[in-house]
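This report refers to the structure that appears directly beneath it.
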Amino acid sequence: MTVESSAARKPRRTAAGKAGTTGTKAGTTAGRTGATGTQRTTRSTARKSTEPELVQLLTPEGKRVKNAEYDAYVAGITPEELRGLYRDMVLTRRFDAEATSLQRQGELGLWASLLGQEAAQIGSGRATREDDYVFPTYREHGVAWCRGVDPTNLLGMFRGVNNGGWDPNSNNFQLYTIVIGSQTLHATGYAMGVAKDGADSAVVAYFGDGASSQGDVAESFTFAAVYNAPVVFFCQNNQWAISEPTERQTRVPLYQRAQGYGFPGVRVDGNDVLACLAVTKRALERARNGEGPTLVEAFTYRMGAHTTSDDPTRYRGDEERLAWEAKDPILRLRRYLEASHHADEGFFAELEAESEALGKRVREAVRAMPDPDHFAIFENVYADGHALVDEERAQFAAYQASFADEGGH
Amino acid sequence: MTVESSAARKPRRTAAGKAGTTGTKAGTTAGRTGATGTQRTTRSTARKSTEPELVQLLTPEGKRVKNAEYDAYVAGITPEELRGLYRDMVLTRRFDAEATSLQRQGELGLWASLLGQEAAQIGSGRATREDDYVFPTYREHGVAWCRGVDPTNLLGMFRGVNNGGWDPNSNNFQLYTIVIGSQTLHATGYAMGVAKDGADSAVVAYFGDGASSQGDVAESFTFAAVYNAPVVFFCQNNQWAISEPTERQTRVPLYQRAQGYGFPGVRVDGNDVLACLAVTKRALERARNGEGPTLVEAFTYRMGAHTTSDDPTRYRGDEERLAWEAKDPILRLRRYLEASHHADEGFFAELEAESEALGKRVREAVRAMPDPDHFAIFENVYADGHALVDEERAQFAAYQASFADEGGH
Amino acid sequence: MAEKMAMAKAINESLRRALDSDPKVLIMGEDVGKLGGVFRVTDGLQKDFGESRVIDTPLAESGIVGTAIGLALRGYRPVVEIQFDGFVFPAYDQIVTQLAKMHARSLGKVKLPVVVRIPYGGGIGAVEHHSESPEALFAHVAGLKIVSPSNASDAYWMMQQAIQSDDPVIYFEPKRRYWDKAEVDPEAIPAPLHKARVVREGTDLTLAAYGPMVKLCQEAADAAAEEGKSLEVLDLRSVSPLDFDAVQASVEKTRRLVVVHEAPVFFGSGAEIAARITERCFYHLEAPVLRVGGYHAPYPPARLEESYLPDLDRVLDAVDRSLAY
Amino acid sequence: MAEKMAMAKAINESLRRALDSDPKVLIMGEDVGKLGGVFRVTDGLQKDFGESRVIDTPLAESGIVGTAIGLALRGYRPVVEIQFDGFVFPAYDQIVTQLAKMHARSLGKVKLPVVVRIPYGGGIGAVEHHSESPEALFAHVAGLKIVSPSNASDAYWMMQQAIQSDDPVIYFEPKRRYWDKAEVDPEAIPAPLHKARVVREGTDLTLAAYGPMVKLCQEAADAAAEEGKSLEVLDLRSVSPLDFDAVQASVEKTRRLVVVHEAPVFFGSGAEIAARITERCFYHLEAPVLRVGGYHAPYPPARLEESYLPDLDRVLDAVDRSLAY
Ligand SMILES: Cc1ncc(C[n+]2csc(CCOP(=O)(O)OP(=O)(O)O)c2C)c(N)n1
Ligand SMILES: Cc1ncc(C[n+]2csc(CCOP(=O)(O)OP(=O)(O)O)c2C)c(N)n1
Ligand SMILES: [Mg+2]
Ligand SMILES: [Mg+2]
């Protein structure tokens with residue numbers, strides 16, 4: 001049985017406080033091996049019995065459920081803020097869909113869709129403060145949105161006009177990082193710097209379930225723990241690393257990884273924006289209070305292909321997706337908003353119009369995106385210059401000029 | 001308070017079965033974070049309350065204590081076998097001392113002493129079966145001894161005549177590996193192969209407390225867990241990585257690292273040869289039974305310098321060493337042997353003579369070790385040859401010959 | 001017998017043959033199983049040989065190469081895939097300090113017949129880290145053999161030979177040529193793995209290349225022929241060892257050499273070839289060995305790669321410059 | 001003002017000055033704190049600047065460089081120590097894909113003033129992985145600057161400049177010269193970081209080297225002088241960028257060039273220098289550029305290193321061969 005199918009079976013939490021959370025106290029880890037090997041559970045049965053429950057505040061049906069530990073973190077949330085979260089998710093999904101279709105139209109070379117992960121990204125992204133710093137992978141379009149990065153900036157690298165099209169320091173949102181796991185160390189180092197500065201900012205490092213296997217991620221856990229760095233490791237377990245299910249990366253739930261490094265791990269329903277908000281806020285609060293790192297595993301689902309180059313029909317069936325569609329992050333908040341009368345038809349209609357406008361703006365911006373000047377190859381290789389780059393730039397210029405002279409070769 | 005000083009305070013286990021052992025069942029990890037950050041224990045108090053106890057069968061005073069979980073693994077041990085373990089430790093220490101003094105005499109370029117770690121190495125080494133395979137670091141002289149590697153072979157690389165002087169397949173004892181952590185992946189791959197072959201052999205990967213921070217070690221945990229490989233990760237936590245105490249590598253006991261990867265971890269008194277034997281046997285049994293990896297943390301102490309190049313007075317005091325000397329692995333077994341009348345004066349006297357003979361043999365062997373032929377540089381770079389190596393060898397030969405011709409340059 | 005097939009398919013067939021004929025051969029990597037790899041090079045292999053022979057690994061390149069070393073120690077012959085050139089670096093330590101050196105370290109007792117497959121090079125309009133040519137970073141390291149086929153037939157046979165080799169082989173697959181077709185005859189007698197091949201004879205100048213640039217050099221030779229220049233084109237096939245004898249023989253005839261590769265020129269293969277051939281052919285060369293390759297800059301975004309990569313004009317420009325001496 | 005001191009001490013003094021004058025400067029690495037590093041290069045710094053400025057790290061090189069990048073993003077200027085040359089490879093991915101490329105990736109928005117100190121080279125009778133010269137593996141990568149001082153004064157000043165540089169600098173310390181003394185004047189006006197220096201003028205042949213081999217070349221020039229040969233010795237000081245103008249100027253005068261480094265010749269620095277200088281000085285060279293360096297083999301055990309490393313005889317042999325053309 002796979003992690004995701006089992007989770008699909010029981011989407012609701014029962015005992016609020018302790019579900020899916022591990023602490024750092026060794027004294028309380030009573031799990032132990034029996035005296036003889038044969039007593040031990042086999043892998044698959046262990047799997048079944050260890051399936052953890054999720055921190056959840058909103059059921060897939062949009063019902064608000066109580067949680068003793070986390071309610072406090074969303075207690076003061078206003079209807080307007082709830083509508084804001086909904087708007088964030090809808091616009092992010094719209095933006096994402098537009099990018100996917102722009103790829104199909106040949107305007108982008110590639111797109112990595114976040115479809116299905118809106119709640120994990122908006123919930124965590126909205127939990128951050130302006131002075132916090134975020135280290136994304138290549139799929140955090142929703143977090144970028146929360147950080148105020150203009151979404152059209154995200155498209156440059158997918159169109160192939162740059163390798164990262166924004167100033168990370170404008171919004172404290174680092175460039176997308178493609179080499180899996182690398183950014184978790186940057187985040188940890190940055191957080192070490194925050195602590196050195198005596199600031200009470202915090203850092204969020206995003207990574208995927210696949211990334212959890214990279215040595216760099218493990219090393220970032222070690223550094224963060226040893227230096228007690230104010231960093232939240234936010235793992236979106238979307239069940240897949242391209243074609244590999246999470247069980248190719250771990251045989252126990254990922255949030256438990258943290259415990260072995262001496263900091264808490266928690267699994268949250270990644271399709272529940274409220275729960276993601278609350279859990280991330282709590283983790284950030286710990287960081288700010290000097291209590292060190294937390295690992296958050298947002299249990300969610302990559303509804304689309306890995307990227308537009310991927311063909312998921314080769315490795316997974318439709319049933320899985322259908323099961324997850326029933327837990328759609330946007331739908332559940334809409335149900336809640338409607339049931340609680342926090343949003344009316346006008347709101348939804350207006351948002352629809354705003355979505356369309358965003359789509360149009362993105363479309364136009366992409367099409368208007370100029371190809372970079374060819375001399376850009378030689379720019380920014382070094383901050384202080386480099387003789388060889390200068391020489392090659394000059395040769396390139398002379399070479400280019402030779403065509404002009406000859407009127408073509 | 002440091003890990004080692006706290007452990008020094010309570011060398012005995014109380015509740016046998018569960019001490020210092022973590023299982024893989026998530027359901028039983030009740031440790032959790034409180035609802036608010038301020039509730040959480042601070043690092044140092046967490047430290048105190050989480051100090052795990054060790055699996056111990058022999059106290060420092062040489063008293064045999066019962067252990068419900070592990071007694072079975074040493075139940076059938078005969079007095080002769082006990083004397084054998086003692087002999088192994090004494091001879092290993094003697095060999096080690098000889099090597100240290102050979103380094104001082106300039107016969108070796110360097111030596112990495114195992115002083116203090118004899119029990120961890122002999123206990124675990126003697127737990128292995130002939131068909132098991134061992135992947136050492138650079139300090140496993142005692143394990144090499146158990147595997148039947150002639151100790152003089154270990155000296156080649158420290159003398160500088162080779163980079164590894166034995167055939168790993170003769171004794172299923174891989175070459176010493178200097179790059180920290182690398183060998184844990186080799187061990188895991190080898191174990192994957194054992195499983196593929198359907199053999200019931202097992203593999204032991206040795207590494208240090210410092211090594212636990214390397215990404216490679218974490219990746220080996222992931223691979224071993226995911227493929228359920230028959231490998232025992234044997235970490236000798238000797239409290240120091242050169243000048244860095246273990247708290248520079250982790251803020252919780254190292255054996256707990258395993259739990260986050262989904263396999264059991266256990267901390268054993270690394271100065272108790274019986275406990276090391278039992279715990280390793282149990283872990284090997286699990287591996288053979290298809291129950292996958294185990295992490296064993298042998299809590300011990302590097303009594304000497306990191307290597308002969310190191311000066312530990314720069315970073316640690318004498319008190320620490322004195323406290324650990326009271327827990328000496330050889331002394332405690334001797335006390336037990338004497339108290340239980342398993343060994344008489346004759347045995348100890350004979351062993352003393354054997355030790356001296358070993359020292360002499362090692363001394364002579366090292367002094368007789370010839371420098372390698374200079375053409376060895378070009379040997380074994382490739383198994384199937386390489387044109388450039390051939391060319392450079394020929395040039396080297398011609399160059400050498402030119403001196404002969406000219407009678408010197 | 002011979003069949004026309006794309007290079008990706010030829011490698012697939014070669015892997016299939018190896019899996020079939022030697023039970024010790026394993027395929028390992030990210031997404032190599034059900035998906036058949038992102039380029040489908042391992043397509044269908046897991047289905048036919050099972051999960052124990054064709055292994056989807058955790059996402060950890062050091063782990064992939066490190067465990068492959070362990071499997072080789074156990075007697076297996078792993079063929080590991082690195083998904084893209086830019087992702088080999090997490091495995092670099094295992095490759096350089098372990099895979100390359102264990103044979104020597106063991107005084108020849110241990111053999112590590114591991115093949116590391118790396119789809120490499122640009123020209124496919126990809127995002128960062130998906131278009132690099134890091135072969136020089138491996139060639140400098142003793143203990144490794146480095147090859148790169150330029151066509152489907154070589155891809156097939158060189159893979160057979162790489163798997164049979166008792167040395168670790170880094171097998172660079174020119175991804176932009178994956179879909180180029182050529183005749184593959186599974187019953188042919190292959191050329192030795194580390195020998196260069198003259199793919200076009202000529203008298204005025206030698207173009208030396210490997211992998212993706214061979215085709216470009218052939219096109220350049222065609223274009224030059226129209227201008228009456230006779231270029232010899234050498235497919236080096238192997239970067240370590242490098243068949244200097246073949247280059248020397250050609251240069252002694254043509255007296256001029258241009259080396260072409262995608263990798264940056266600075267400290268690239270062309271430097272080694274230029275240095276050594278200049279030493280060997282000092283009195284034959286009528287012009288300095290010229291190099292055409294990437295600039296000393298990170299591989300640029302897709303919309304700039306045309307300017308970064310060697311193309312017909314840049315090769316011909318170098319040819320003209322050489323002939324002008 | 002000027003004081004005679006060993007190179008290790010000069011680097012220590014330079015680090016101390018940097019810590020003193022810029023609160024953003026940090027020292028990081030394994031054992032750099034209380035122990036002062038295995039070579040005592042950071043001796044006393046933690047005592048004087050505290051654990052928050054001089055940081056003992058976990059034993060994980062990728063983590064060291066990766067967190068240094070993060071600290072640089074936060075405005076710090078980390079100087080990280082890799083304990084020995086052979087242990088830089090676990091950090092290679094972070095260096096090559098992140099440290100080297102982030103400035104370009106961010107279109108210049110992000111600067112990473114990180115210095116990676118690597119004690120390198122052989123001649124100290126050490127065990128495996130403690131005597132390697134991997135500079136070529138970094139020089140091929142755009143975005144990095146590579147320097148290596150040959151004497152205490154340069155070591156002092158080049159460290160100052162490396163720390164002040166807004167680019168990542170790999171600072172290779174020739175460990176066998178750590179104990180060689182020279183005058184260091186902390187009030188001097190230093191030469192530019194990336195310019196070569198003529199350390200001995202000559203007319204018959206140019207010897208070019210950097211780091212540990214400069215002293216050897218000076219000795220060779222002395223020996224050659226006794227035989228009536230006038231050798232010019234160039235201390236390159238920087239491997240990337242490489243001061244080709246200086247080499248060219250020298251070669252245009254002497255018409256002969258021998259490059260000496262400890263690293264293997266194959267794909268080493270000498271290849272790049274030979275290729276480029278041959279192109280620049282084609283009509284000046286009376287002999288091919290010759291290279292003296294390590295063989296294509298793993299660095300050998302200590303008792304063989306004398307045969308592996310360039311020595312006086314091998315340099316003079318190359319000089320003779322060059323002059324014989
Ligand atoms: C070091 C490295 N290896 C391989 C890849 C190729 N790759 C890109 S995304 C991906 C899967 C990542 O899975 P996960 O971490 O779960 O993130 P997700 O894509 O699901 O968001 C792989 C293997 C890479 N980018 N970097
Ligand atoms: C990758 C790597 N980095 C650094 C070193 C240098 N070094 C050798 S031993 C050592 C400390 C190892 O500590 P630990 O793992 O605890 O083993 P111990 O020496 O205590 O047995 C270090 C840093 C190395 N050998 N490899
Ligand atoms: Mg994923
Ligand atoms: Mg240790």
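Scheme for the structure tokens: letters A, B, ... for chains in order shown; per-chain residue numbers from 1; ligand numbers from 1 in order shown.
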*Where in range 69-265 of chain A does DSSP assign strand (DSSP E or B), given as a list of chain:residue names?*
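Secondary structure check on range 69-265 of chain A, strand (DSSP E or B): A:Tyr133, A:Val134, A:Phe135, A:Phe173, A:Val203, A:Val204, A:Ala205, A:Tyr206, A:Phe207, A:Gly208, A:Val231, A:Val232, A:Phe233, A:Phe234, A:Cys235, A:Gln236, A:Asn237, A:Trp240, A:Ala241, A:Glu244, A:Pro245, A:Gly265.
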Cut-off 8 Å: closest chain C/chain A atom pairs per residue, using only C-alpha atoms, as CSV:
```
residue,atom,partner,partner_atom,distance
C:Glu30,CA,A:Glu244,CA,7.8
C:Asp31,CA,A:Ser243,CA,5.7
C:Lys34,CA,A:Tyr315,CA,5.8
C:Leu35,CA,A:Arg314,CA,5.9
C:Val38,CA,A:Asp310,CA,7.7
C:Asp56,CA,A:Glu244,CA,7.3
C:Thr57,CA,A:Arg248,CA,6.6
C:Pro58,CA,A:Gln249,CA,5.0
C:Leu59,CA,A:Ser213,CA,5.5
C:Ala60,CA,A:Gln214,CA,4.8
C:Glu61,CA,A:Gln214,CA,7.8
C:Ser62,CA,A:Gly215,CA,7.9
C:Gly86,CA,A:Val179,CA,7.9
C:Phe87,CA,A:Val179,CA,6.7
C:Gly125,CA,A:Gly109,CA,6.9
C:Ala126,CA,A:Gly109,CA,7.0
C:Val127,CA,A:Gly160,CA,6.6
C:Glu128,CA,A:Asn163,CA,6.2
C:His129,CA,A:Ile178,CA,7.6
C:Tyr295,CA,A:Glu392,CA,6.9
C:His296,CA,A:Val389,CA,6.2
C:Ala297,CA,A:Val381,CA,5.8
C:Pro298,CA,A:Val381,CA,7.1
C:Pro300,CA,A:Ile377,CA,6.1
C:Pro301,CA,A:Gly160,CA,4.9
C:Ala302,CA,A:Gly160,CA,4.5
C:Arg303,CA,A:Gly160,CA,5.3
C:Leu304,CA,A:His374,CA,6.2
C:Ser307,CA,A:His374,CA,6.6
C:Tyr308,CA,A:Ile377,CA,7.4
C:Asp313,CA,A:His409,CA,7.4
```
*Could you please determine the separation between CA of Trp240 in chain B and CA of Leu277 in chain B in Å, to one decimal place?*
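According to the coordinates, CA of Trp240 in chain B and CA of Leu277 in chain B are separated by 22.9 Å.
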*Counting only C-alpha atoms, which residues from chain D have an atom at most 6 Å from any atom of chain C, and could you show them as a PyMOL selection string?*
chain D and resi 89-90+93+137+140+142+266-267+271-272+274-275+279+288+296-298
*Would you please work out which residue, of C:Pro113, C:Val25, C:Arg40, C:His130, is nearest to ligand 1 when using only C-alpha atoms and all ligand atoms?*
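Nearest candidate to ligand 1 out of C:Pro113, C:Val25, C:Arg40, C:His130: C:His130.
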*If you run DSSP on the backbone, which residues of range 176-241 of chain C are helix (DSSP H, G or I), as a count of residues only?*
16
*asked:* I want to know what sits within 8 Å of Val79 in chain D, based on only C-alpha atoms, with residues of the same chain fewer than 5 positions away left out; could you give that as a list in words?
replied: Val25, Leu26, Ile27, Met28, Val114, Val115, Val116, Arg117 and Ile163 of chain D
*asked:* Counting only C-alpha atoms and all ligand atoms, which residue out of A:Arg94, A:Arg139, A:Lys360, A:Lys66 sits closest to ligand 3?
replied: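 Checking each of A:Arg94, A:Arg139, A:Lys360, A:Lys66 against ligand 3, counting only C-alpha atoms and all ligand atoms, the winner is A:Arg139.
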*What is the distance, in Å and to one decimal place, between CA of Glu187 in chain C and CA of Tyr210 in chain C?*
24.1 Å
*Nearest to chain A by atom-to-atom distance, counting only C-alpha atoms, from B:Gln103, B:Ser355, B:Thr307, B:Gln256*: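 For chain A, the nearest of the given residues is B:Gln256.
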*Tell me which protein, DNA and RNA residues are within 6 Å of Ala72 in chain D, counting only C-alpha atoms, leaving out same-chain ones fewer than 4 positions away, and put them as an MDAnalysis selection string.*
chainID D and resid 76:77 112
*Å distance separating CA of Ile118 in chain D from CA of Lys175 in chain D, one decimal place*: 9.0 Å
*Could you name the residues that touch range 2-12 of chain C at 6 Å or less, counting only C-alpha atoms, but leaving out those on the same chain fewer than 5 positions away, as a ChimeraX atom specification?*
/C:41-42,152,155-156,178-185
_Ala75 in chain A environment, 12 Å, only C-alpha atoms, sequence neighbours closer than 2 positions dropped, as an MDAnalysis selection string_ = chainID A and resid 57 64 66:73 77:79 81:82 274:275 277:278 281
*Contacts of Ala318 in chain C at 12 Å (only C-alpha atoms; same-chain gap of 4+ positions) as a ChimeraX atom specification*: /A:399 /C:205-207,217,220,224,256-260,287-293,310-314,322-325
*Out of B:Asp131, B:Glu285, B:Glu297, B:Asp88, which residue has the shortest atom-to-atom distance to ligand 2 when counting only C-alpha atoms and all ligand atoms?*
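Smallest separation from ligand 2 among the options: B:Glu297.
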_Proximity to chain B - best of A:Leu154, A:Leu284, A:Ala127, A:Leu337, only C-alpha atoms_ =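 Nearest to chain B: A:Leu284.
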*Considering only C-alpha atoms, state which residue in the set A:Tyr190, A:Phe223, A:Tyr86, A:Tyr301 is at the smallest distance from chain B.*
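Comparing A:Tyr190, A:Phe223, A:Tyr86, A:Tyr301 against chain B, the winner is A:Phe223.
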